[in-house]
file data_26.pdb (PDB, C-alpha atoms, pLDDT in the B column)
MODEL        1
ATOM      1  CA  MET A 764     -19.383 -11.201  19.060  1.00 66.00           C
ATOM      2  CA  ARG A 765     -15.867 -11.019  17.583  1.00 94.00           C
ATOM      3  CA  LEU A 766     -14.437 -14.069  15.835  1.00 97.00           C
ATOM      4  CA  GLU A 767     -11.661 -14.544  18.393  1.00 97.00           C
ATOM      5  CA  SER A 768     -14.238 -14.594  21.202  1.00 97.00           C
ATOM      6  CA  ILE A 769     -16.386 -17.037  19.270  1.00 98.00           C
ATOM      7  CA  VAL A 770     -13.489 -19.470  18.804  1.00 98.00           C
ATOM      8  CA  ASN A 771     -12.583 -19.118  22.490  1.00 97.00           C
ATOM      9  CA  GLU A 772     -16.174 -19.873  23.485  1.00 98.00           C
ATOM     10  CA  LEU A 773     -16.132 -23.021  21.342  1.00 98.00           C
ATOM     11  CA  THR A 774     -13.406 -24.471  23.572  1.00 98.00           C
ATOM     12  CA  THR A 775     -15.801 -24.360  26.530  1.00 98.00           C
ATOM     13  CA  TYR A 776     -18.163 -26.752  24.732  1.00 98.00           C
ATOM     14  CA  LEU A 777     -15.555 -29.413  23.911  1.00 98.00           C
ATOM     15  CA  PRO A 778     -16.416 -31.607  26.939  1.00 98.00           C
ATOM     16  CA  ASP A 779     -19.995 -31.770  25.577  1.00 97.00           C
ATOM     17  CA  HIS A 780     -19.025 -32.468  21.955  1.00 98.00           C
ATOM     18  CA  GLN A 781     -21.054 -35.707  21.845  1.00 97.00           C
ATOM     19  CA  LYS A 782     -24.278 -34.196  23.191  1.00 97.00           C
ATOM     20  CA  ARG A 783     -27.278 -33.978  20.917  1.00 96.00           C
ATOM     21  CA  ASN A 784     -30.918 -32.969  21.248  1.00 96.00           C
ATOM     22  CA  LEU A 785     -33.031 -34.053  18.289  1.00 95.00           C
ATOM     23  CA  SER A 786     -35.745 -31.524  19.100  1.00 95.00           C
ATOM     24  CA  ILE A 787     -33.176 -28.792  18.354  1.00 95.00           C
ATOM     25  CA  SER A 788     -30.851 -30.302  15.730  1.00 94.00           C
ATOM     26  CA  ASN A 789     -29.975 -33.660  14.216  1.00 94.00           C
ATOM     27  CA  SER A 790     -26.300 -32.939  14.790  1.00 96.00           C
ATOM     28  CA  THR A 791     -24.106 -33.047  17.876  1.00 98.00           C
ATOM     29  CA  ILE A 792     -22.399 -30.121  19.557  1.00 98.00           C
ATOM     30  CA  GLY A 793     -19.144 -31.429  18.070  1.00 98.00           C
ATOM     31  CA  TRP A 794     -20.646 -31.260  14.577  1.00 98.00           C
ATOM     32  CA  GLN A 795     -21.704 -27.655  15.195  1.00 98.00           C
ATOM     33  CA  ILE A 796     -18.212 -26.754  16.460  1.00 99.00           C
ATOM     34  CA  GLU A 797     -16.473 -28.456  13.541  1.00 98.00           C
ATOM     35  CA  HIS A 798     -18.837 -26.824  11.028  1.00 98.00           C
ATOM     36  CA  ILE A 799     -18.075 -23.354  12.435  1.00 99.00           C
ATOM     37  CA  LEU A 800     -14.327 -24.055  12.259  1.00 99.00           C
ATOM     38  CA  LEU A 801     -14.478 -25.519   8.743  1.00 98.00           C
ATOM     39  CA  THR A 802     -16.462 -22.512   7.544  1.00 98.00           C
ATOM     40  CA  ILE A 803     -14.119 -19.935   9.082  1.00 99.00           C
ATOM     41  CA  ASN A 804     -11.042 -21.676   7.682  1.00 98.00           C
ATOM     42  CA  GLN A 805     -12.492 -22.262   4.219  1.00 98.00           C
ATOM     43  CA  VAL A 806     -13.695 -18.664   3.904  1.00 99.00           C
ATOM     44  CA  ILE A 807     -10.310 -17.283   4.998  1.00 99.00           C
ATOM     45  CA  LYS A 808      -8.533 -19.614   2.549  1.00 98.00           C
ATOM     46  CA  ASN A 809     -10.810 -18.555  -0.316  1.00 98.00           C
ATOM     47  CA  CYS A 810     -10.316 -14.860   0.492  1.00 98.00           C
ATOM     48  CA  GLU A 811      -6.568 -15.310   0.723  1.00 98.00           C
ATOM     49  CA  GLU A 812      -6.493 -16.987  -2.710  1.00 98.00           C
ATOM     50  CA  SER A 813      -8.812 -14.445  -4.364  1.00 98.00           C
ATOM     51  CA  ILE A 814      -7.677 -11.601  -6.610  1.00 98.00           C
ATOM     52  CA  ASP A 815      -9.152  -8.386  -5.262  1.00 97.00           C
ATOM     53  CA  SER A 816      -9.580  -6.837  -8.733  1.00 98.00           C
ATOM     54  CA  ASN A 817     -11.969  -9.703  -9.611  1.00 98.00           C
ATOM     55  CA  TYR A 818     -14.379  -8.755  -6.803  1.00 98.00           C
ATOM     56  CA  GLN A 819     -17.881  -8.286  -8.232  1.00 98.00           C
ATOM     57  CA  PRO A 820     -20.585  -7.690  -5.627  1.00 96.00           C
ATOM     58  CA  LYS A 821     -24.171  -8.437  -6.567  1.00 94.00           C
ATOM     59  CA  PHE A 822     -27.441  -7.606  -4.916  1.00 95.00           C
ATOM     60  CA  SER A 823     -29.124 -10.458  -3.078  1.00 94.00           C
ATOM     61  CA  ILE A 824     -32.322  -9.998  -1.103  1.00 95.00           C
ATOM     62  CA  TRP A 825     -31.265 -12.888   1.164  1.00 94.00           C
ATOM     63  CA  LYS A 826     -27.902 -11.262   1.820  1.00 96.00           C
ATOM     64  CA  LEU A 827     -29.685  -8.017   2.699  1.00 97.00           C
ATOM     65  CA  ILE A 828     -32.047  -9.841   5.089  1.00 96.00           C
ATOM     66  CA  VAL A 829     -29.310 -11.887   6.797  1.00 97.00           C
ATOM     67  CA  PHE A 830     -26.892  -8.971   7.134  1.00 97.00           C
ATOM     68  CA  THR A 831     -29.624  -6.610   8.381  1.00 98.00           C
ATOM     69  CA  THR A 832     -31.223  -8.977  10.890  1.00 98.00           C
ATOM     70  CA  LYS A 833     -27.927 -10.721  11.739  1.00 97.00           C
ATOM     71  CA  LYS A 834     -29.878 -13.991  11.701  1.00 96.00           C
ATOM     72  CA  ILE A 835     -29.875 -17.049   9.484  1.00 95.00           C
ATOM     73  CA  PRO A 836     -33.183 -18.926   9.246  1.00 91.00           C
ATOM     74  CA  ARG A 837     -32.852 -22.420  10.720  1.00 90.00           C
ATOM     75  CA  GLY A 838     -33.074 -25.463   8.515  1.00 83.00           C
ATOM     76  CA  LYS A 839     -33.489 -23.519   5.265  1.00 80.00           C
ATOM     77  CA  VAL A 840     -30.066 -24.110   3.705  1.00 83.00           C
ATOM     78  CA  LYS A 841     -27.876 -27.203   3.579  1.00 86.00           C
ATOM     79  CA  ALA A 842     -24.189 -26.578   4.247  1.00 90.00           C
ATOM     80  CA  PRO A 843     -21.929 -27.065   1.210  1.00 90.00           C
ATOM     81  CA  LYS A 844     -20.120 -30.405   1.299  1.00 93.00           C
ATOM     82  CA  ILE A 845     -16.729 -28.765   1.863  1.00 94.00           C
ATOM     83  CA  VAL A 846     -17.865 -27.427   5.263  1.00 96.00           C
ATOM     84  CA  ARG A 847     -19.906 -30.463   6.355  1.00 95.00           C
ATOM     85  CA  PRO A 848     -18.057 -32.289   9.138  1.00 96.00           C
ATOM     86  CA  GLU A 849     -17.352 -35.975   8.723  1.00 92.00           C
ATOM     87  CA  LEU A 850     -14.917 -37.530  11.198  1.00 91.00           C
ATOM     88  CA  PHE A 851     -13.905 -35.673  14.333  1.00 94.00           C
ATOM     89  CA  ASP A 852     -13.326 -36.268  18.030  1.00 96.00           C
ATOM     90  CA  LYS A 853     -12.440 -34.074  20.986  1.00 97.00           C
ATOM     91  CA  ASN A 854      -8.728 -34.169  20.154  1.00 97.00           C
ATOM     92  CA  SER A 855      -9.206 -33.222  16.494  1.00 97.00           C
ATOM     93  CA  LEU A 856     -11.573 -30.413  17.537  1.00 98.00           C
ATOM     94  CA  GLU A 857      -8.904 -29.040  19.906  1.00 98.00           C
ATOM     95  CA  ILE A 858      -6.320 -29.107  17.109  1.00 98.00           C
ATOM     96  CA  HIS A 859      -8.745 -27.497  14.686  1.00 98.00           C
ATOM     97  CA  ILE A 860      -9.506 -24.700  17.193  1.00 98.00           C
ATOM     98  CA  LYS A 861      -5.762 -23.943  17.445  1.00 98.00           C
ATOM     99  CA  GLN A 862      -5.442 -23.886  13.643  1.00 98.00           C
ATOM    100  CA  THR A 863      -8.441 -21.577  13.354  1.00 98.00           C
ATOM    101  CA  THR A 864      -7.028 -19.213  15.978  1.00 98.00           C
ATOM    102  CA  GLU A 865      -3.870 -18.949  13.853  1.00 98.00           C
ATOM    103  CA  ASN A 866      -5.843 -18.508  10.624  1.00 98.00           C
ATOM    104  CA  LEU A 867      -7.794 -15.585  12.083  1.00 98.00           C
ATOM    105  CA  LYS A 868      -4.526 -13.608  12.027  1.00 97.00           C
ATOM    106  CA  ILE A 869      -4.536 -13.823   8.212  1.00 97.00           C
ATOM    107  CA  ILE A 870      -7.634 -11.605   8.015  1.00 98.00           C
ATOM    108  CA  ASN A 871      -5.653  -8.479   8.937  1.00 96.00           C
ATOM    109  CA  ASP A 872      -3.393  -8.978   5.913  1.00 97.00           C
ATOM    110  CA  LEU A 873      -6.219  -9.370   3.394  1.00 98.00           C
ATOM    111  CA  LYS A 874      -6.887  -6.526   0.962  1.00 98.00           C
ATOM    112  CA  LYS A 875     -10.222  -4.731   1.258  1.00 98.00           C
ATOM    113  CA  ASN A 876     -11.749  -6.451  -1.784  1.00 98.00           C
ATOM    114  CA  GLN A 877     -10.333  -9.918  -1.421  1.00 99.00           C
ATOM    115  CA  TYR A 878     -13.417 -12.092  -1.267  1.00 99.00           C
ATOM    116  CA  PHE A 879     -15.037 -15.479  -1.136  1.00 98.00           C
ATOM    117  CA  ASN A 880     -17.887 -16.604  -3.354  1.00 97.00           C
ATOM    118  CA  HIS A 881     -20.919 -17.522  -1.247  1.00 96.00           C
ATOM    119  CA  PRO A 882     -23.310 -19.938  -3.006  1.00 93.00           C
ATOM    120  CA  ILE A 883     -26.324 -17.665  -2.345  1.00 93.00           C
ATOM    121  CA  PHE A 884     -24.896 -14.208  -1.617  1.00 96.00           C
ATOM    122  CA  GLY A 885     -22.215 -14.088  -4.327  1.00 97.00           C
ATOM    123  CA  HIS A 886     -18.886 -12.338  -3.740  1.00 98.00           C
ATOM    124  CA  ILE A 887     -18.370 -11.162  -0.156  1.00 98.00           C
ATOM    125  CA  ASN A 888     -15.348  -8.949   0.507  1.00 98.00           C
ATOM    126  CA  LYS A 889     -13.159  -8.730   3.619  1.00 98.00           C
ATOM    127  CA  ILE A 890     -15.359  -6.385   5.694  1.00 94.00           C
ATOM    128  CA  LYS A 891     -18.584  -8.221   4.918  1.00 98.00           C
ATOM    129  CA  MET A 892     -16.788 -11.565   5.254  1.00 98.00           C
ATOM    130  CA  ILE A 893     -15.997 -10.816   8.884  1.00 98.00           C
ATOM    131  CA  LYS A 894     -19.626  -9.881   9.518  1.00 98.00           C
ATOM    132  CA  PHE A 895     -20.826 -13.010   7.689  1.00 98.00           C
ATOM    133  CA  LEU A 896     -18.569 -15.271   9.760  1.00 99.00           C
ATOM    134  CA  GLU A 897     -19.805 -13.636  12.970  1.00 98.00           C
ATOM    135  CA  ILE A 898     -23.466 -14.042  11.943  1.00 98.00           C
ATOM    136  CA  HIS A 899     -22.913 -17.633  10.774  1.00 98.00           C
ATOM    137  CA  SER A 900     -20.927 -18.624  13.868  1.00 98.00           C
ATOM    138  CA  ASN A 901     -23.448 -17.035  16.224  1.00 98.00           C
ATOM    139  CA  HIS A 902     -26.237 -18.937  14.443  1.00 98.00           C
ATOM    140  CA  HIS A 903     -24.502 -22.221  15.302  1.00 98.00           C
ATOM    141  CA  LEU A 904     -23.477 -21.057  18.789  1.00 98.00           C
ATOM    142  CA  LYS A 905     -27.147 -20.434  19.515  1.00 98.00           C
ATOM    143  CA  ILE A 906     -27.890 -24.046  18.549  1.00 98.00           C
ATOM    144  CA  ILE A 907     -25.038 -25.266  20.786  1.00 98.00           C
ATOM    145  CA  ARG A 908     -26.315 -23.205  23.729  1.00 98.00           C
ATOM    146  CA  GLU A 909     -29.841 -24.552  23.257  1.00 97.00           C
ATOM    147  CA  ILE A 910     -28.578 -28.148  23.199  1.00 98.00           C
ATOM    148  CA  ILE A 911     -26.590 -27.519  26.407  1.00 96.00           C
ATOM    149  CA  HIS A 912     -29.543 -25.821  28.096  1.00 91.00           C
ATOM    150  CA  LYS A 913     -32.125 -28.461  27.105  1.00 86.00           C
ATOM    151  CA  THR A 914     -29.962 -31.481  27.948  1.00 77.00           C
ATOM    152  CA  SER A 915     -28.603 -30.230  31.281  1.00 64.00           C
TER     153      SER A 915
ENDMDL
END

call {"tool": "encode", "arguments": {"input": "data_26.pdb", "output": "structure tokens"}}
result
Amino acid sequence: MRLESIVNELTTYLPDHQKRNLSISNSTIGWQIEHILLTINQVIKNCEESIDSNYQPKFSIWKLIVFTTKKIPRGKVKAPKIVRPELFDKNSLEIHIKQTTENLKIINDLKKNQYFNHPIFGHINKIKMIKFLEIHSNHHLKIIREIIHKTS
């Protein structure tokens, strides 16, 4: 699913932002939404600030597995503090969705080897960054959908 579609889908879950199902996740739907948005925005910011000539890819078996299967194992990795939501409400989520929609436009202007440094995968350039954000966002969308389905 494309990033624009993912962000659009997130808006449909805003009315349920306080829902939680502890058998699926300790966090609320709002936390999942905010985490997706924080991640997208932080990755874009890091890519935008990177110097493409400094890009140094490295082999990572976990990167190969995640990018091949397009799945992230649940509960295996803790989100870095910078993308862990703290305070948010429906209004702040709406604002953050609008900001993210604008930030997605920056991707087109990035050079091929502008990158962000993933804590496990190492440097990820523009093309792989888009794929990573889609995989990561879909991982959390799946959790959101399960919470909605199991609490309805």

call {"tool": "closest_residue", "arguments": {"input": "data_26.pdb", "among": "A:Ile870, A:Val846, A:Val806, A:Ile911", "to": "Asp779 of chain A", "atoms": "all atoms listed in the file"}}
result
A:Ile911

call {"tool": "closest_atom_pairs", "arguments": {"input": "data_26.pdb", "of": "segment 777-876 of chain A", "to": "segment 884-904 of chain A", "cutoff": "8 Å", "atoms": "only C-alpha atoms", "output": "JSON lines"}}
result
{"residue": "A:Gln795", "atom": "CA", "partner": "A:His903", "partner_atom": "CA", "distance": 6.1}
{"residue": "A:Ile796", "atom": "CA", "partner": "A:His903", "partner_atom": "CA", "distance": 7.8}
{"residue": "A:Ile799", "atom": "CA", "partner": "A:Ser900", "partner_atom": "CA", "distance": 5.7}
{"residue": "A:Thr802", "atom": "CA", "partner": "A:Leu896", "partner_atom": "CA", "distance": 7.9}
{"residue": "A:Ile803", "atom": "CA", "partner": "A:Leu896", "partner_atom": "CA", "distance": 6.5}
{"residue": "A:Val806", "atom": "CA", "partner": "A:Met892", "partner_atom": "CA", "distance": 7.9}
{"residue": "A:Cys810", "atom": "CA", "partner": "A:Lys889", "partner_atom": "CA", "distance": 7.4}
{"residue": "A:Tyr818", "atom": "CA", "partner": "A:His886", "partner_atom": "CA", "distance": 6.5}
{"residue": "A:Gln819", "atom": "CA", "partner": "A:His886", "partner_atom": "CA", "distance": 6.1}
{"residue": "A:Pro820", "atom": "CA", "partner": "A:His886", "partner_atom": "CA", "distance": 5.3}
{"residue": "A:Lys821", "atom": "CA", "partner": "A:Gly885", "partner_atom": "CA", "distance": 6.4}
{"residue": "A:Phe822", "atom": "CA", "partner": "A:Phe884", "partner_atom": "CA", "distance": 7.8}
{"residue": "A:Ser823", "atom": "CA", "partner": "A:Phe884", "partner_atom": "CA", "distance": 5.8}
{"residue": "A:Trp825", "atom": "CA", "partner": "A:Phe884", "partner_atom": "CA", "distance": 7.1}
{"residue": "A:Lys826", "atom": "CA", "partner": "A:Phe884", "partner_atom": "CA", "distance": 5.4}
{"residue": "A:Phe830", "atom": "CA", "partner": "A:Phe895", "partner_atom": "CA", "distance": 7.3}
{"residue": "A:Lys833", "atom": "CA", "partner": "A:Ile898", "partner_atom": "CA", "distance": 5.6}
{"residue": "A:Lys834", "atom": "CA", "partner": "A:Ile898", "partner_atom": "CA", "distance": 6.4}
{"residue": "A:Ile835", "atom": "CA", "partner": "A:His902", "partner_atom": "CA", "distance": 6.4}
{"residue": "A:Ile870", "atom": "CA", "partner": "A:Lys889", "partner_atom": "CA", "distance": 7.6}
{"residue": "A:Leu873", "atom": "CA", "partner": "A:Lys889", "partner_atom": "CA", "distance": 7.0}
{"residue": "A:Lys874", "atom": "CA", "partner": "A:Lys889", "partner_atom": "CA", "distance": 7.2}
{"residue": "A:Lys875", "atom": "CA", "partner": "A:Lys889", "partner_atom": "CA", "distance": 5.5}
{"residue": "A:Asn876", "atom": "CA", "partner": "A:Asn888", "partner_atom": "CA", "distance": 4.9}

call {"tool": "resolve_selection", "arguments": {"input": "data_26.pdb", "expression": "the PyMOL selection byres ((chain A and resi 774) around 9)", "output": "number ranges by chain"}}
result
A: 770-773, 775-778, 796, 856-857, 860

call {"tool": "residues_around", "arguments": {"input": "data_26.pdb", "residues": "Asn817 of chain A", "least_positions_apart": "4", "cutoff": "9 Å", "atoms": "all atoms listed in the file", "output": "PyMOL selection string"}}
result
chain A and resi 813+876-878

call {"tool": "axis_aligned_box", "arguments": {"input": "data_26.pdb", "around": "segment 827-843 of chain A", "padding_each_side": "8 Å", "output": "AutoDock Vina command-line options"}}
result
--center_x -27.7 --center_y -16.9 --center_z 6.5 --size_x 27.6 --size_y 36.6 --size_z 26.5

call {"tool": "resolve_selection", "arguments": {"input": "data_26.pdb", "expression": "the PyMOL selection byres ((chain A and resi 847) around 10)", "output": "ChimeraX atom specification"}}
result
/A:794-795,797-799,801-802,841-846,848-850

call {"tool": "atom_distance", "arguments": {"input": "data_26.pdb", "atom1": "atom CA of Gln805 of chain A", "atom2": "atom CA of Ile787 of chain A"}}
result
25.9 Å

call {"tool": "atom_distance", "arguments": {"input": "data_26.pdb", "atom1": "atom CA of Arg765 of chain A", "atom2": "atom CA of Ile828 of chain A"}}
result
20.5 Å

call {"tool": "closest_residue", "arguments": {"input": "data_26.pdb", "among": "A:Asn804, A:Gly793, A:Asn784, A:Glu811", "to": "Asp872 of chain A", "atoms": "all atoms listed in the file"}}
result
A:Glu811

call {"tool": "atom_distance", "arguments": {"input": "data_26.pdb", "atom1": "atom CA of Asn854 of chain A", "atom2": "atom CA of Leu785 of chain A"}}
result
24.4 Å

call {"tool": "residues_near_point", "arguments": {"input": "data_26.pdb", "point": "(-23.5, -33.1, 20.7)", "cutoff": "6 Å", "atoms": "all atoms listed in the file", "output": "list in words"}}
result
His780, Gln781, Lys782, Arg783, Thr791, Ile792 and Gly793 of chain A

call {"tool": "closest_residue", "arguments": {"input": "data_26.pdb", "among": "A:Leu766, A:Ile907, A:Val840, A:Ile807", "to": "Ile869 of chain A", "atoms": "all atoms listed in the file"}}
result
A:Ile807
